[in-house]
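K.L.:
I'm passing along final_22.tsv; it holds TSV, C-alpha atoms.
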chain	number	residue	atom	x	y	z
X	26	MET	CA	112.44	124.76	104.64
X	27	SER	CA	114.79	123.33	107.24
X	28	THR	CA	115.25	119.63	107.76
X	29	ALA	CA	113.83	119.91	111.26
X	30	ALA	CA	110.68	121.52	109.93
X	31	LEU	CA	110.31	118.77	107.33
X	32	THR	CA	110.68	115.95	109.81
X	33	ALA	CA	108.84	117.51	112.70
X	34	GLY	CA	106.11	115.10	113.63
X	35	LEU	CA	107.44	112.12	111.68
X	36	ASP	CA	109.18	110.82	114.79
X	37	ARG	CA	105.89	110.84	116.65
X	38	ILE	CA	104.02	108.60	114.20
X	39	PRO	CA	102.98	105.47	116.14
X	40	ASP	CA	104.90	102.29	115.35
X	41	GLN	CA	107.19	104.12	112.97
X	42	LEU	CA	110.46	102.32	112.26
X	43	GLY	CA	112.00	104.95	110.05
X	44	TYR	CA	111.29	107.62	107.48
X	45	LEU	CA	112.54	109.28	104.32
X	46	VAL	CA	111.88	112.72	102.90
X	47	ILE	CA	112.70	112.81	99.20
X	48	SER	CA	112.69	115.49	96.53
X	49	GLU	CA	113.59	115.38	92.83
X	50	ASP	CA	117.14	116.30	93.87
X	51	GLY	CA	117.49	113.37	96.26
X	52	VAL	CA	117.03	112.43	99.89
X	53	LEU	CA	116.50	115.44	102.13
X	54	ALA	CA	116.20	113.55	105.39
X	55	SER	CA	116.18	109.99	106.62
X	56	ALA	CA	116.08	108.19	109.93
X	57	GLY	CA	115.71	104.84	111.63
X	58	GLU	CA	115.60	101.76	109.39
X	59	LEU	CA	115.39	103.97	106.32
X	60	GLU	CA	118.45	106.02	107.21
X	61	ASN	CA	120.67	106.41	104.14
X	62	ASP	CA	118.47	103.93	102.29
X	63	GLU	CA	119.04	105.29	98.79
X	64	HIS	CA	117.67	102.13	97.19
X	65	THR	CA	114.27	102.42	98.85
X	66	ALA	CA	114.19	106.13	98.09
X	67	SER	CA	114.88	105.47	94.43
X	68	VAL	CA	112.25	102.73	94.14
X	69	ILE	CA	109.63	104.81	95.93
X	70	MET	CA	110.25	107.76	93.60
X	71	GLN	CA	109.80	105.47	90.60
X	72	MET	CA	106.56	104.17	92.09
X	73	VAL	CA	105.26	107.68	92.75
X	74	ARG	CA	105.94	108.65	89.13
X	75	THR	CA	104.20	105.49	87.94
X	76	ALA	CA	101.23	105.91	90.25
X	77	ASN	CA	100.82	109.52	89.15
X	78	ARG	CA	99.95	108.20	85.70
X	79	PHE	CA	97.00	106.27	87.04
X	80	ARG	CA	93.72	107.84	86.05
X	81	LEU	CA	90.26	106.41	86.32
X	82	SER	CA	88.44	106.93	83.03
X	83	GLY	CA	85.23	108.89	82.41
X	84	SER	CA	83.00	105.87	82.94
X	85	ALA	CA	84.12	105.75	86.55
X	86	ASP	CA	83.50	109.43	87.23
X	87	HIS	CA	80.35	108.68	89.14
X	88	PHE	CA	82.47	106.83	91.63
X	89	ARG	CA	84.19	110.03	92.59
X	90	SER	CA	82.82	111.97	95.52
X	91	PRO	CA	81.55	115.46	94.65
X	92	GLY	CA	84.23	118.09	94.75
X	93	SER	CA	87.07	115.59	94.87
X	94	GLU	CA	90.28	116.69	93.21
X	95	ASP	CA	91.56	114.85	90.20
X	96	VAL	CA	94.64	113.42	91.92
X	97	PRO	CA	95.60	109.78	91.48
X	98	PHE	CA	96.23	109.15	95.14
X	99	LYS	CA	96.44	110.83	98.53
X	100	ARG	CA	98.50	108.07	100.02
X	101	MET	CA	100.24	105.03	98.60
X	102	SER	CA	100.86	102.12	100.94
X	103	VAL	CA	103.15	99.22	100.19
X	104	VAL	CA	102.22	96.37	102.49
X	105	LEU	CA	104.80	93.68	103.15
X	106	GLU	CA	104.92	90.83	105.61
X	107	ASP	CA	106.41	92.68	108.56
X	108	PHE	CA	106.07	96.35	107.73
X	109	VAL	CA	104.19	98.94	105.70
X	110	LEU	CA	105.67	101.82	103.73
X	111	ALA	CA	103.24	104.72	103.73
X	112	VAL	CA	103.96	107.29	101.03
X	113	THR	CA	102.45	110.70	100.52
X	114	VAL	CA	103.36	113.74	98.46
X	115	SER	CA	103.28	117.28	99.74
X	116	GLY	CA	104.94	120.46	98.57
X	117	GLN	CA	106.95	118.73	95.82
X	118	LYS	CA	108.37	116.35	98.39
X	119	VAL	CA	107.72	112.69	98.97
X	120	PHE	CA	107.34	111.52	102.55
X	121	VAL	CA	107.87	107.84	103.28
X	122	VAL	CA	107.26	106.31	106.68
X	123	LYS	CA	108.07	102.71	107.52
X	124	ARG	CA	105.64	101.36	110.09
X	125	GLN	CA	105.31	98.09	111.90
X	126	HIS	CA	102.66	95.95	110.27
X	127	ALA	CA	100.21	95.15	113.03
X	128	HIS	CA	98.03	92.77	111.00
X	129	PRO	CA	100.10	90.53	108.74
X	130	GLU	CA	97.03	88.74	107.38
X	131	HIS	CA	94.95	89.90	104.41
X	132	VAL	CA	95.01	93.51	103.34
X	133	THR	CA	91.63	95.14	103.27
X	134	ALA	CA	90.90	98.58	101.87
Z	7	MET	CA	98.54	75.12	66.26
Z	8	LEU	CA	97.95	73.12	69.44
Z	9	THR	CA	99.79	75.73	71.53
Z	10	SER	CA	97.65	78.53	70.07
Z	11	LEU	CA	94.49	76.56	70.79
Z	12	PHE	CA	95.59	75.90	74.35
Z	13	LEU	CA	96.37	79.59	74.88
Z	14	TYR	CA	92.99	80.56	73.39
Z	15	ILE	CA	91.12	78.17	75.64
Z	16	SER	CA	93.12	79.32	78.68
Z	17	TYR	CA	92.23	82.93	77.89
Z	18	ILE	CA	88.54	82.14	77.56
Z	19	ARG	CA	88.65	80.22	80.80
Z	20	LEU	CA	90.29	83.18	82.51
Z	21	ALA	CA	87.73	85.58	81.04
Z	22	ASN	CA	84.88	83.48	82.40
Z	23	SER	CA	86.72	83.13	85.71
Z	24	LEU	CA	87.09	86.90	85.89
Z	25	ASP	CA	83.33	87.34	85.53
Z	26	PHE	CA	82.89	84.91	88.37
Z	27	VAL	CA	85.61	86.58	90.46
Z	28	PHE	CA	84.11	90.03	89.93
Z	29	PHE	CA	80.64	88.73	90.74
Z	30	LEU	CA	81.94	87.06	93.89
Z	31	CYS	CA	83.89	90.15	94.99
Z	32	SER	CA	80.91	92.42	94.38
Z	33	MET	CA	78.53	90.13	96.21
Z	34	LYS	CA	80.89	89.70	99.14
Z	35	ASN	CA	81.69	93.39	99.20
Z	36	PRO	CA	79.56	95.76	97.12
Z	37	ALA	CA	82.33	98.34	97.38
Z	38	VAL	CA	84.31	96.43	94.75
Z	39	VAL	CA	83.64	98.24	91.49
Z	40	GLY	CA	86.51	97.13	89.30
Z	41	VAL	CA	88.85	94.23	88.71
Z	42	LEU	CA	91.77	93.93	86.31
Z	43	CYS	CA	94.25	91.15	85.47
Z	44	THR	CA	97.41	91.70	83.48
Z	45	ASP	CA	100.41	89.66	82.48
Z	46	GLN	CA	104.00	90.64	83.17
Z	47	GLN	CA	104.12	92.87	80.12
Z	48	GLY	CA	101.04	94.78	81.23
Z	49	HIS	CA	98.78	93.23	78.61
Z	50	ASN	CA	95.17	93.06	79.68
Z	51	LEU	CA	94.03	89.51	80.44
Z	52	GLY	CA	90.61	90.63	81.52
Z	53	CYS	CA	88.92	93.53	83.25
Z	54	ARG	CA	85.53	94.40	84.66
Z	55	GLY	CA	83.93	97.56	85.98
Z	56	SER	CA	85.94	100.71	86.53
Z	57	LEU	CA	89.32	99.24	85.55
Z	58	SER	CA	90.15	98.83	81.88
Z	59	ASP	CA	92.86	98.29	79.28
Z	60	GLU	CA	94.40	101.68	79.87
Z	61	HIS	CA	95.31	100.77	83.47
Z	62	GLY	CA	97.14	97.57	82.59
Z	63	GLY	CA	100.56	99.08	82.06
Z	64	VAL	CA	100.58	101.15	85.21
Z	65	VAL	CA	99.29	98.28	87.32
Z	66	SER	CA	101.90	95.76	86.17
Z	67	VAL	CA	104.78	98.24	86.42
Z	68	LEU	CA	103.71	99.31	89.90
Z	69	ALA	CA	103.68	95.72	91.14
Z	70	LYS	CA	107.06	95.06	89.57
Z	71	GLN	CA	108.60	98.16	91.14
Z	72	ALA	CA	107.17	97.30	94.55
Z	73	ALA	CA	108.82	93.88	94.38
Z	74	ALA	CA	112.20	95.63	94.43
Z	75	LEU	CA	111.51	96.88	97.95
Z	76	THR	CA	112.22	93.53	99.51
Z	77	ARG	CA	114.95	90.91	99.04
Z	78	ASP	CA	112.62	88.16	100.24
Z	79	LEU	CA	111.22	86.56	97.08
Z	80	THR	CA	108.41	84.94	99.05
Z	81	ASP	CA	107.22	88.28	100.40
Z	82	THR	CA	104.90	89.68	97.72
Z	83	PRO	CA	104.00	93.31	98.33
Z	84	THR	CA	100.48	94.69	98.06
Z	85	VAL	CA	100.31	98.23	96.76
Z	86	CYS	CA	97.34	100.34	97.83
Z	87	LEU	CA	96.58	103.67	96.17
Z	88	GLU	CA	94.24	105.56	98.44
Z	89	SER	CA	92.18	108.49	97.25
Z	90	GLU	CA	88.78	110.07	97.74
Z	91	SER	CA	87.35	107.99	94.92
Z	92	GLY	CA	88.40	104.79	96.65
Z	93	ASN	CA	91.33	102.44	96.87
Z	94	ILE	CA	93.15	100.54	94.19
Z	95	LEU	CA	94.80	97.37	95.47
Z	96	VAL	CA	97.52	95.81	93.34
Z	97	ARG	CA	99.29	92.53	93.86
Z	98	SER	CA	101.11	89.99	91.74
Z	99	HIS	CA	100.52	86.26	91.80
Z	100	GLY	CA	103.21	84.55	89.78
Z	101	THR	CA	103.12	86.03	86.30
Z	102	ILE	CA	99.71	87.65	86.76
Z	103	THR	CA	99.05	90.99	88.38
Z	104	ILE	CA	95.64	91.71	89.82
Z	105	ALA	CA	94.14	95.09	90.64
Z	106	VAL	CA	90.93	95.66	92.57
Z	107	HIS	CA	89.14	98.98	92.81
Z	108	LYS	CA	87.09	99.50	95.94
Z	109	ILE	CA	85.15	102.66	96.56
Z	110	THR	CA	85.01	104.26	100.00
Z	111	SER	CA	81.60	103.97	101.59
Starting from the file, give its structure as structure tokens.

P.N.:
Amino acid sequence: MSTAALTAGLDRIPDQLGYLVISEDGVLASAGELENDEHTASVIMQMVRTANRFRLSGSADHFRSPGSEDVPFKRMSVVLEDFVLAVTVSGQKVFVVKRQHAHPEHVTA
Amino acid sequence: MLTSLFLYISYIRLANSLDFVFFLCSMKNPAVVGVLCTDQQGHNLGCRGSLSDEHGGVVSVLAKQAAALTRDLTDTPTVCLESESGNILVRSHGTITIAVHKITS
């Protein structure tokens, strides 16, 4: 898949400050404040591998909605004072978008 | 001997506090179904509801890794794992890492 196809649409995300597209081989694309940010890419990949090990045990099964897939997360957000890193995995690639944090107070789920 | 006693009492206090914290969270927001506290090594300091011992390691490592995303030591990141079964919020406070599981209504 071409780089343009991978990043199509990422530029149009509201309040986005930058993005990364990462695979097991390394950074496939980057832009904005995350351009060439190998450090963030590396940390995010570590976090994705860690988060993938998170499983809710059998006693919590009734909390799952019917038909839900057994995946640890659909999106991982890292909320900091001024920005949020939104991370999702698709097609063996990790997409990271840095967005302006509109509400720097308490995080609510 | 005194140090061990102090640590034991502190643990008991934390365990009772965790019951209170979980009760408070659940009352304030019934969507809270699990709470977990770990130390820096990922050892379970107390858990209630859907979060248990087995999640301690992942939770503490996740918080530690997230801290590497910023150079500002005063800016503590909050990690949120979002899925259909709900959200897991993870954040460190000093040497303790706290995770809260909230289901989506």

K.L.:
Let me make sure I understand: among X:Ile47, X:Leu110, X:Val104, X:Leu81, which one has the smallest atom-to-atom distance to His107 in chain Z if we use only C-alpha atoms?

P.N.:
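Smallest separation from His107 in chain Z among the options: X:Leu81.
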
K.L.:
How close does each residue of chain Z get to chain X, giving the shortest atom pair and distance in Å to one decimal for every residue with an atom at most 8 Å away, counting all atoms listed in the file, sorted by chain and residue number, as a tab-separated table?

P.N.:
residue	atom	partner	partner_atom	distance
Z:Ser56	CA	X:Ala85	CA	5.4
Z:Leu57	CA	X:Leu81	CA	7.3
Z:His61	CA	X:Phe79	CA	6.8
Z:Val64	CA	X:Thr75	CA	6.3
Z:Val67	CA	X:Thr75	CA	7.4
Z:Leu68	CA	X:Met72	CA	6.0
Z:Gln71	CA	X:Met72	CA	6.4
Z:Ala72	CA	X:Val103	CA	7.2
Z:Ala74	CA	X:Val68	CA	7.1
Z:Leu75	CA	X:Thr65	CA	6.3
Z:Asp81	CA	X:Glu106	CA	6.2
Z:Thr82	CA	X:Leu105	CA	6.7
Z:Pro83	CA	X:Leu105	CA	4.9
Z:Thr84	CA	X:Val104	CA	5.0
Z:Val85	CA	X:Val103	CA	4.6
Z:Cys86	CA	X:Ser102	CA	5.0
Z:Leu87	CA	X:Met101	CA	4.6
Z:Glu88	CA	X:Arg100	CA	5.2
Z:Ser89	CA	X:Phe98	CA	4.6
Z:Glu90	CA	X:Ser93	CA	6.5
Z:Ser91	CA	X:Arg89	CA	4.4
Z:Gly92	CA	X:Arg89	CA	7.9
Z:Asn93	CA	X:Ala134	CA	6.3
Z:Leu95	CA	X:Ala134	CA	7.6
Z:Lys108	CA	X:Ala134	CA	7.1
Z:Ile109	CA	X:Phe88	CA	7.0

K.L.:
When you draw a straight line from CA of Phe108 in chain X to CA of Ser48 in chain X, how long is it in Å?

P.N.:
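According to the coordinates, CA of Phe108 in chain X and CA of Ser48 in chain X are separated by 23.1 Å.
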
K.L.:
Would you compute the distance between CA of Gly63 in chain Z and CA of Val39 in chain Z? Give it in Å to one decimal.

P.N.:
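CA of Val39 in chain Z lies 19.4 Å from CA of Gly63 in chain Z.
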
K.L.:
Find the distance between CA of Gln117 in chain X and CA of Leu45 in chain X and write it in Å to one decimal.

P.N.:
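Calculated distance between CA of Gln117 in chain X and CA of Leu45 in chain X is 13.9 Å.
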
K.L.:
When distances are computed from all atoms listed in the file, which of X:Tyr44, X:Gly34, X:Asp50, X:Pro39 shows the smallest separation from Gln125 in chain X?

P.N.:
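Of X:Tyr44, X:Gly34, X:Asp50, X:Pro39, the one nearest Gln125 in chain X is X:Pro39, counting all atoms listed in the file.
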
K.L.:
Do you know which residues are at most 10 Å from Leu31 in chain X counting all atoms listed in the file, after dropping those on the same chain fewer than 3 positions away, and could you put them as a ChimeraX atom specification?

P.N.:
/X:26-28,34-35,46,53-54,118,120

K.L.:
Please list as a list in words every residue within 8 Å of Val65 in chain Z, counting all atoms listed in the file and excluding residues in the same chain fewer than 5 positions away.

P.N.:
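Near Val65 in chain Z, the qualifying residues are Thr44, Gly48, Val96, Thr103, Ile104 and Ala105 of chain Z.
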